Amino acid sequence: MAVDCEKNFDIKNLTSFKTGGKISEVFFPESVDEFVQILNENKDAKVFGNLSDTLVSDFGYSGKVILTFKMNNYKIEGTKVIADCGVKGPKLSQAVCEQGLSGFEFMIGFPGSVGGEICMNASAHSQAVSDKLVSVLCFSCQCGIVKYSKSEMGFAYRTSRCQREDLIVLQAEFELEKKNSEDIKSTMEKNLEFRKSFQPLLVLPNCGSIFKNPENDSAGRLLDSVGVKGLSIGGAKIWENHANFIVNHNNGTSSDILSLMYEMYTKVKEMYNIELEPEIKFLGGNNERENELWQILSKK
Ligand code: EPU
């Protein structure tokens, strides 16, 4: 099977932050079978959905990347939904709403894909992607294709077994709840209103929440209290309505964004002795200063 692969690929236009240089090799699978073939042949490749929560370095990445956003098949059978990892949250949210199915209302404001959302157990407005999950088909380099039930997935706030064991999500099955479409639509509209009021719109280059909430606290509240709102470095700025968002408003670089994250992290650490943990991921490695900053931020 010939798979779609680009060499020395300029990734900037595909990333949510609108940063990123050249990637040595990028694969674009369109089906689960193609994806598995690529994974088997390229065990060192890093997998992303549509890079909606990843900061990509302007200095590029010297390695292989698989982007799953072309894997956008899903099936709705009664209350059962089976979705490939690349299906985008807002698309799925709308599709199930039309069928009078509830459980994905929160996804309407998240640009991420099903695979990424499962991996980090995305949540908002008292709903999480794990709530209605039945099972996940995963790929692991050691075991190949494995199906895990929800209880085997080790879900917790912003994490799952996938993150701890380098498991790749291929496809997921959900069991949703029948509800009136109008009620579902109205919840989705409220969720979008919340997003518009407190969070930067998706058209502004941003990657959602920058840091995870520490246990029993809020990263946004902590950051706000140390006065970072509106702070900018180069073309990147901390959102004025919510201190846990960075917007790349004026052609900021990946280094601008990392430096801003470091400022946020340091200010909270100095004031509260709390070390915020990034929610976003970083793809890079070719610049020493960026590597240093990411090492401090991610403790890796
Ligand atoms: N707050 C401030 N100042 C700020 C920002 C927030 O005081 O600048 C306070 C708020 O007033 C509120 C508390 O902090 O009392 C929490 O803020 P918010 O309700 O905005 O929620 P959040 O914890 O910052 C989380 C998710 C969002 C999700 C919202 C809505 C995380 C890290 N973020 O935000 O998820 O949309 O709840 O449910 O858990 C994402 O993960 O990318 C994301 C956008």
# chains A, B, ... in the order shown; residues from 1 in each chain; ligands from 1
>>> select_by_dssp(residues="segment 149-200 of chain A", states="strand (DSSP E or B)", output="JSON, numbers by chain")
{"A": [149, 156, 159, 168, 169, 170, 171, 172, 173, 174, 175, 177, 178]}
>>> write_last_selection(atoms="C-alpha atoms", output="PDB file, in the first residue's frame")
ATOM      1  CA  SER A 149     -11.962  -1.299  27.901  1.00  0.00           C
ATOM      2  CA  ALA A 156      -7.606  10.708  35.404  1.00  0.00           C
ATOM      3  CA  THR A 159      -4.138  11.859  31.498  1.00  0.00           C
ATOM      4  CA  ILE A 168      -1.316   5.166  20.113  1.00  0.00           C
ATOM      5  CA  VAL A 169      -5.097   5.503  19.789  1.00  0.00           C
ATOM      6  CA  LEU A 170      -6.403   4.052  16.504  1.00  0.00           C
ATOM      7  CA  GLN A 171     -10.165   4.069  17.014  1.00  0.00           C
ATOM      8  CA  ALA A 172     -12.672   4.400  19.839  1.00  0.00           C
ATOM      9  CA  GLU A 173     -16.146   3.178  20.649  1.00  0.00           C
ATOM     10  CA  PHE A 174     -18.616   5.238  22.682  1.00  0.00           C
ATOM     11  CA  GLU A 175     -22.120   4.641  24.022  1.00  0.00           C
ATOM     12  CA  GLU A 177     -27.388   8.842  25.609  1.00  0.00           C
ATOM     13  CA  LYS A 178     -30.611   9.606  23.729  1.00  0.00           C
TER      14      LYS A 178
END
>>> residues_around(residues="Gly235 of chain A", least_positions_apart="3", cutoff="9 Å", atoms="only C-alpha atoms", output="ChimeraX atom specification")
/A:232,247-253,256-257
>>> closest_residue(among="A:Ser140, A:Leu176, A:Ser151, A:Lys237", to="Leu204 of chain A", atoms="only C-alpha atoms")
A:Lys237
>>> select_by_dssp(residues="segment 26-196 of chain A", states="alpha helix (DSSP H)", output="ChimeraX atom specification")
/A:32-41,89-98,114-120,161-165,181-196
>>> residues_near_ligand(ligand="ligand 1", cutoff="7 Å", atoms="only C-alpha atoms and all ligand atoms", output="list of chain:residue names")
A:Ala122, A:Ser123, A:Ala124, A:His125, A:Ser126, A:Arg195, A:Phe198, A:Cys207, A:Gly208, A:Ser209, A:Phe211, A:Lys212, A:Asn213, A:Ser218, A:Ala219, A:Gly220, A:Arg221, A:Leu223, A:Asp224, A:Lys229, A:Asn241, A:His242, A:Ala243, A:Asn244, A:Glu279
>>> write_last_selection(atoms="N, CA, C and O atoms", output="CSV table (one decimal), in the first residue's frame")
chain,number,residue,atom,x,y,z
A,122,ALA,N,-9.5,14.8,27.5
A,122,ALA,CA,-10.0,16.2,27.4
A,122,ALA,C,-11.3,16.3,28.1
A,122,ALA,O,-12.1,15.4,28.1
A,123,SER,N,-11.5,17.4,28.8
A,123,SER,CA,-12.8,17.7,29.5
A,123,SER,C,-13.1,19.2,29.5
A,123,SER,O,-12.2,20.0,29.4
A,124,ALA,N,-14.4,19.5,29.7
A,124,ALA,CA,-14.8,20.8,29.9
A,124,ALA,C,-16.3,20.8,30.2
A,124,ALA,O,-17.0,19.8,29.9
A,125,HIS,N,-16.7,21.8,31.0
A,125,HIS,CA,-18.2,21.9,31.3
A,125,HIS,C,-18.7,20.6,31.9
A,125,HIS,O,-19.8,20.1,31.5
A,126,SER,N,-18.0,20.0,32.8
A,126,SER,CA,-18.4,18.8,33.6
A,126,SER,C,-18.6,17.5,32.7
A,126,SER,O,-19.3,16.6,33.1
A,195,ARG,N,-16.8,29.8,25.7
A,195,ARG,CA,-15.5,29.9,25.1
A,195,ARG,C,-15.3,31.3,24.5
A,195,ARG,O,-14.2,31.9,24.7
A,198,PHE,N,-14.5,33.8,27.6
A,198,PHE,CA,-13.3,33.7,28.5
A,198,PHE,C,-12.1,33.2,27.8
A,198,PHE,O,-11.0,33.3,28.3
A,207,CYS,N,-3.4,27.4,21.5
A,207,CYS,CA,-3.4,25.9,21.7
A,207,CYS,C,-4.3,25.6,23.0
A,207,CYS,O,-4.0,24.5,23.6
A,208,GLY,N,-5.2,26.4,23.3
A,208,GLY,CA,-6.0,26.1,24.5
A,208,GLY,C,-5.3,26.4,25.8
A,208,GLY,O,-4.3,27.2,25.8
A,209,SER,N,-5.7,25.7,26.9
A,209,SER,CA,-5.0,25.9,28.1
A,209,SER,C,-3.5,25.6,28.0
A,209,SER,O,-3.2,24.5,27.5
A,211,PHE,N,-1.2,25.4,30.8
A,211,PHE,CA,-0.8,24.6,31.9
A,211,PHE,C,-2.0,23.8,32.4
A,211,PHE,O,-3.2,24.3,32.3
A,212,LYS,N,-1.8,22.6,33.0
A,212,LYS,CA,-2.8,21.8,33.6
A,212,LYS,C,-3.2,22.5,35.0
A,212,LYS,O,-2.3,23.2,35.6
A,213,ASN,N,-4.4,22.3,35.4
A,213,ASN,CA,-4.7,22.8,36.8
A,213,ASN,C,-4.0,22.0,37.8
A,213,ASN,O,-4.1,20.7,37.8
A,218,SER,N,-6.5,26.3,40.4
A,218,SER,CA,-6.7,26.6,39.0
A,218,SER,C,-5.5,27.4,38.5
A,218,SER,O,-5.1,28.4,39.1
A,219,ALA,N,-4.9,26.9,37.4
A,219,ALA,CA,-3.7,27.5,36.8
A,219,ALA,C,-4.1,28.9,36.4
A,219,ALA,O,-3.3,29.9,36.6
A,220,GLY,N,-5.3,29.1,35.8
A,220,GLY,CA,-5.7,30.5,35.4
A,220,GLY,C,-5.8,31.4,36.6
A,220,GLY,O,-5.3,32.6,36.5
A,221,ARG,N,-6.3,31.0,37.7
A,221,ARG,CA,-6.4,31.9,38.8
A,221,ARG,C,-5.0,32.2,39.4
A,221,ARG,O,-4.7,33.4,39.7
A,223,LEU,N,-2.2,32.2,37.8
A,223,LEU,CA,-1.4,33.0,36.9
A,223,LEU,C,-2.0,34.5,36.9
A,223,LEU,O,-1.2,35.4,36.8
A,224,ASP,N,-3.3,34.6,37.0
A,224,ASP,CA,-3.9,35.9,37.0
A,224,ASP,C,-3.4,36.6,38.3
A,224,ASP,O,-3.0,37.8,38.2
A,229,LYS,N,-1.5,38.6,32.9
A,229,LYS,CA,-2.4,38.9,31.8
A,229,LYS,C,-1.9,40.0,30.9
A,229,LYS,O,-1.5,41.0,31.4
A,241,ASN,N,-8.3,38.0,28.8
A,241,ASN,CA,-9.5,37.5,29.5
A,241,ASN,C,-9.2,36.2,30.3
A,241,ASN,O,-10.1,35.8,31.0
A,242,HIS,N,-8.1,35.6,30.1
A,242,HIS,CA,-7.8,34.4,30.8
A,242,HIS,C,-6.3,34.2,30.8
A,242,HIS,O,-5.7,34.0,29.7
A,243,ALA,N,-5.7,34.1,32.0
A,243,ALA,CA,-4.3,34.1,32.1
A,243,ALA,C,-3.6,32.8,31.8
A,243,ALA,O,-2.4,32.7,31.7
A,244,ASN,N,-4.4,31.7,31.5
A,244,ASN,CA,-3.8,30.5,31.1
A,244,ASN,C,-3.8,30.2,29.6
A,244,ASN,O,-3.7,29.1,29.2
A,279,GLU,N,0.2,21.7,29.8
A,279,GLU,CA,-0.8,20.8,29.2
A,279,GLU,C,-0.5,20.6,27.7
A,279,GLU,O,-0.7,19.6,27.1
>>> residues_around(residues="segment 29-40 of chain A", least_positions_apart="6", cutoff="8 Å", atoms="only C-alpha atoms", output="compact mmCIF listing (two decimals) with N, CA and C atoms, in the first residue's frame")
# COMPACT_ATOMS: atom_id res chain seq x y z
N MET A 1 0.85 -1.20 0.00
CA MET A 1 0.00 0.00 0.00
C MET A 1 0.89 1.26 0.00
N VAL A 3 1.67 4.90 0.83
CA VAL A 3 1.10 5.87 1.77
C VAL A 3 1.59 7.28 1.46
N ASP A 4 0.73 8.25 1.82
CA ASP A 4 1.04 9.65 1.57
C ASP A 4 2.12 10.11 2.55
N ILE A 66 3.67 11.43 12.29
CA ILE A 66 2.44 10.95 11.63
C ILE A 66 1.30 11.88 12.07
N LEU A 67 0.61 12.45 11.10
CA LEU A 67 -0.56 13.29 11.41
C LEU A 67 -1.81 12.52 11.01
N THR A 68 -2.77 12.41 11.93
CA THR A 68 -3.92 11.51 11.68
C THR A 68 -5.19 12.23 11.20
N LYS A 70 -6.41 13.04 8.51
CA LYS A 70 -7.14 12.54 7.32
C LYS A 70 -7.93 11.27 7.64
N MET A 71 -7.75 10.74 8.85
CA MET A 71 -8.51 9.55 9.27
C MET A 71 -9.80 10.02 9.90
N ASN A 72 -10.74 10.40 9.07
CA ASN A 72 -11.92 11.05 9.64
C ASN A 72 -13.21 10.26 9.47
N ASN A 73 -13.10 8.92 9.52
CA ASN A 73 -14.31 8.09 9.42
C ASN A 73 -14.95 7.87 10.78
N ASP A 84 -12.73 7.00 14.17
CA ASP A 84 -11.28 6.91 13.97
C ASP A 84 -10.60 8.03 14.75
N PHE A 139 -2.45 0.97 19.48
CA PHE A 139 -1.28 0.31 18.92
C PHE A 139 -0.12 0.50 19.88
N CYS A 141 4.11 -0.54 20.27
CA CYS A 141 5.24 -1.11 19.53
C CYS A 141 5.52 -2.54 19.99
N LEU A 170 -6.03 4.25 17.91
CA LEU A 170 -6.40 4.05 16.50
C LEU A 170 -7.87 4.41 16.28
N GLN A 171 -8.71 3.94 17.19
CA GLN A 171 -10.17 4.07 17.01
C GLN A 171 -10.83 3.91 18.38
>>> residues_around(residues="Phe106 of chain A", least_positions_apart="4", cutoff="10 Å", atoms="only C-alpha atoms", output="list in words")
Gly89, Pro90, Ser93, Ser102, Phe110, Ala122, Ser123, Ala124, His125, Ser126, Gln127, Ala128, Val129, Thr187, Met188, Glu189, Lys190, Asn191 and Leu192 of chain A
>>> write_last_selection(atoms="C-alpha atoms", output="PDB file, in the first residue's frame")
ATOM      1  CA  GLY A  89     -14.219  16.934  18.134  1.00  0.00           C
ATOM      2  CA  PRO A  90     -16.510  19.720  16.805  1.00  0.00           C
ATOM      3  CA  SER A  93     -20.186  16.812  18.428  1.00  0.00           C
ATOM      4  CA  SER A 102     -25.800  13.455  24.157  1.00  0.00           C
ATOM      5  CA  PHE A 110     -12.234  21.924  21.327  1.00  0.00           C
ATOM      6  CA  ALA A 122      -9.971  16.165  27.426  1.00  0.00           C
ATOM      7  CA  SER A 123     -12.780  17.676  29.474  1.00  0.00           C
ATOM      8  CA  ALA A 124     -14.825  20.830  29.857  1.00  0.00           C
ATOM      9  CA  HIS A 125     -18.159  21.871  31.331  1.00  0.00           C
ATOM     10  CA  SER A 126     -18.391  18.772  33.574  1.00  0.00           C
ATOM     11  CA  GLN A 127     -18.000  16.352  30.657  1.00  0.00           C
ATOM     12  CA  ALA A 128     -14.892  14.320  29.784  1.00  0.00           C
ATOM     13  CA  VAL A 129     -14.156  12.247  26.686  1.00  0.00           C
ATOM     14  CA  THR A 187     -25.938  23.108  25.739  1.00  0.00           C
ATOM     15  CA  MET A 188     -23.486  23.284  22.821  1.00  0.00           C
ATOM     16  CA  GLU A 189     -24.376  26.945  22.253  1.00  0.00           C
ATOM     17  CA  LYS A 190     -23.808  27.705  25.956  1.00  0.00           C
ATOM     18  CA  ASN A 191     -20.425  25.987  25.775  1.00  0.00           C
ATOM     19  CA  LEU A 192     -19.481  28.075  22.724  1.00  0.00           C
TER      20      LEU A 192
END
>>> atom_distance(atom1="atom CA of Gly78 of chain A", atom2="atom CA of Cys97 of chain A")
12.6 Å
>>> residues_around(residues="Val114 of chain A", least_positions_apart="5", cutoff="7 Å", atoms="only C-alpha atoms", output="PyMOL selection string")
chain A and resi 85-89
>>> write_last_selection(atoms="C-alpha atoms", output="mmCIF file, in the first residue's frame")
data_model
loop_
_atom_site.group_PDB
_atom_site.id
_atom_site.type_symbol
_atom_site.label_atom_id
_atom_site.label_comp_id
_atom_site.auth_asym_id
_atom_site.auth_seq_id
_atom_site.Cartn_x
_atom_site.Cartn_y
_atom_site.Cartn_z
ATOM 1 C CA CYS A 85 -8.625 8.770 15.935
ATOM 2 C CA GLY A 86 -8.424 11.652 13.442
ATOM 3 C CA VAL A 87 -12.078 12.740 13.627
ATOM 4 C CA LYS A 88 -12.271 16.307 14.914
ATOM 5 C CA GLY A 89 -14.219 16.934 18.134
#
>>> residues_around(residues="segment 7-20 of chain A", least_positions_apart="5", cutoff="8 Å", atoms="only C-alpha atoms", output="CSV table (one decimal) with C-alpha atoms, in the first residue's frame")
chain,number,residue,atom,x,y,z
A,25,GLU,CA,9.2,13.2,7.1
A,26,VAL,CA,5.5,13.5,7.6
A,50,ASN,CA,-4.0,18.0,14.0
A,51,LEU,CA,-1.4,19.7,16.2
A,52,SER,CA,-4.1,21.6,18.1
A,53,ASP,CA,-2.3,21.3,21.4
A,54,THR,CA,1.3,21.1,20.3
A,55,LEU,CA,3.9,23.9,20.0
A,56,VAL,CA,6.1,23.1,17.0
A,57,SER,CA,9.6,24.6,16.9
A,58,ASP,CA,10.4,27.0,14.2
A,59,PHE,CA,13.8,25.2,14.1
A,60,GLY,CA,11.9,22.1,12.8
A,205,PRO,CA,-3.5,31.2,16.9
A,206,ASN,CA,-3.6,29.4,20.3
A,207,CYS,CA,-3.4,25.9,21.7
A,247,VAL,CA,-2.2,33.9,21.7
A,248,ASN,CA,0.3,34.2,18.8
A,251,ASN,CA,3.9,36.2,14.0
A,252,GLY,CA,5.4,35.2,17.3
A,253,THR,CA,8.1,32.4,17.2
A,254,SER,CA,8.1,29.2,19.1
>>> decode(residues="segment 195-211 of chain A", atoms="N, CA, C and O atoms", output="PDB file, in the first residue's frame")
ATOM      1  N   ARG A 195     -16.781  29.793  25.747  1.00  0.00           N
ATOM      2  CA  ARG A 195     -15.486  29.873  25.052  1.00  0.00           C
ATOM      3  C   ARG A 195     -15.253  31.307  24.542  1.00  0.00           C
ATOM      4  O   ARG A 195     -14.177  31.867  24.720  1.00  0.00           O
ATOM      5  N   LYS A 196     -16.313  31.886  23.938  1.00  0.00           N
ATOM      6  CA  LYS A 196     -16.168  33.243  23.381  1.00  0.00           C
ATOM      7  C   LYS A 196     -15.894  34.266  24.477  1.00  0.00           C
ATOM      8  O   LYS A 196     -15.166  35.227  24.274  1.00  0.00           O
ATOM      9  N   SER A 197     -16.518  34.084  25.650  1.00  0.00           N
ATOM     10  CA  SER A 197     -16.370  35.077  26.719  1.00  0.00           C
ATOM     11  C   SER A 197     -15.022  34.999  27.423  1.00  0.00           C
ATOM     12  O   SER A 197     -14.455  36.015  27.799  1.00  0.00           O
ATOM     13  N   PHE A 198     -14.532  33.770  27.646  1.00  0.00           N
ATOM     14  CA  PHE A 198     -13.341  33.656  28.494  1.00  0.00           C
ATOM     15  C   PHE A 198     -12.101  33.175  27.771  1.00  0.00           C
ATOM     16  O   PHE A 198     -10.996  33.310  28.290  1.00  0.00           O
ATOM     17  N   GLN A 199     -12.283  32.566  26.614  1.00  0.00           N
ATOM     18  CA  GLN A 199     -11.123  31.973  25.948  1.00  0.00           C
ATOM     19  C   GLN A 199     -10.955  32.568  24.552  1.00  0.00           C
ATOM     20  O   GLN A 199     -11.935  32.972  23.935  1.00  0.00           O
ATOM     21  N   PRO A 200      -9.706  32.620  24.050  1.00  0.00           N
ATOM     22  CA  PRO A 200      -9.518  33.175  22.701  1.00  0.00           C
ATOM     23  C   PRO A 200     -10.227  32.322  21.651  1.00  0.00           C
ATOM     24  O   PRO A 200     -10.244  31.106  21.764  1.00  0.00           O
ATOM     25  N   LEU A 201     -10.808  32.958  20.658  1.00  0.00           N
ATOM     26  CA  LEU A 201     -11.491  32.229  19.592  1.00  0.00           C
ATOM     27  C   LEU A 201     -10.493  31.354  18.840  1.00  0.00           C
ATOM     28  O   LEU A 201      -9.294  31.648  18.815  1.00  0.00           O
ATOM     29  N   LEU A 202     -11.036  30.317  18.208  1.00  0.00           N
ATOM     30  CA  LEU A 202     -10.148  29.370  17.526  1.00  0.00           C
ATOM     31  C   LEU A 202      -9.430  30.009  16.334  1.00  0.00           C
ATOM     32  O   LEU A 202      -8.379  29.534  15.913  1.00  0.00           O
ATOM     33  N   VAL A 203      -9.988  31.120  15.805  1.00  0.00           N
ATOM     34  CA  VAL A 203      -9.314  31.759  14.664  1.00  0.00           C
ATOM     35  C   VAL A 203      -8.025  32.468  15.093  1.00  0.00           C
ATOM     36  O   VAL A 203      -7.162  32.756  14.267  1.00  0.00           O
ATOM     37  N   LEU A 204      -7.908  32.766  16.384  1.00  0.00           N
ATOM     38  CA  LEU A 204      -6.658  33.359  16.859  1.00  0.00           C
ATOM     39  C   LEU A 204      -5.692  32.220  17.175  1.00  0.00           C
ATOM     40  O   LEU A 204      -6.069  31.281  17.880  1.00  0.00           O
ATOM     41  N   PRO A 205      -4.458  32.287  16.646  1.00  0.00           N
ATOM     42  CA  PRO A 205      -3.550  31.160  16.863  1.00  0.00           C
ATOM     43  C   PRO A 205      -3.303  30.903  18.360  1.00  0.00           C
ATOM     44  O   PRO A 205      -2.685  31.715  19.058  1.00  0.00           O
ATOM     45  N   ASN A 206      -3.855  29.792  18.860  1.00  0.00           N
ATOM     46  CA  ASN A 206      -3.627  29.423  20.265  1.00  0.00           C
ATOM     47  C   ASN A 206      -3.810  27.924  20.406  1.00  0.00           C
ATOM     48  O   ASN A 206      -4.338  27.265  19.509  1.00  0.00           O
ATOM     49  N   CYS A 207      -3.350  27.386  21.537  1.00  0.00           N
ATOM     50  CA  CYS A 207      -3.416  25.926  21.737  1.00  0.00           C
ATOM     51  C   CYS A 207      -4.253  25.569  22.950  1.00  0.00           C
ATOM     52  O   CYS A 207      -4.016  24.545  23.597  1.00  0.00           O
ATOM     53  N   GLY A 208      -5.214  26.401  23.316  1.00  0.00           N
ATOM     54  CA  GLY A 208      -6.039  26.114  24.504  1.00  0.00           C
ATOM     55  C   GLY A 208      -5.259  26.377  25.782  1.00  0.00           C
ATOM     56  O   GLY A 208      -4.297  27.160  25.780  1.00  0.00           O
ATOM     57  N   SER A 209      -5.663  25.729  26.857  1.00  0.00           N
ATOM     58  CA  SER A 209      -4.987  25.945  28.148  1.00  0.00           C
ATOM     59  C   SER A 209      -3.513  25.563  28.033  1.00  0.00           C
ATOM     60  O   SER A 209      -3.181  24.510  27.491  1.00  0.00           O
ATOM     61  N   ILE A 210      -2.655  26.425  28.556  1.00  0.00           N
ATOM     62  CA  ILE A 210      -1.216  26.169  28.465  1.00  0.00           C
ATOM     63  C   ILE A 210      -0.750  25.193  29.544  1.00  0.00           C
ATOM     64  O   ILE A 210      -0.001  24.264  29.279  1.00  0.00           O
ATOM     65  N   PHE A 211      -1.217  25.436  30.792  1.00  0.00           N
ATOM     66  CA  PHE A 211      -0.810  24.561  31.904  1.00  0.00           C
ATOM     67  C   PHE A 211      -2.014  23.791  32.416  1.00  0.00           C
ATOM     68  O   PHE A 211      -3.162  24.262  32.332  1.00  0.00           O
TER      69      PHE A 211
END
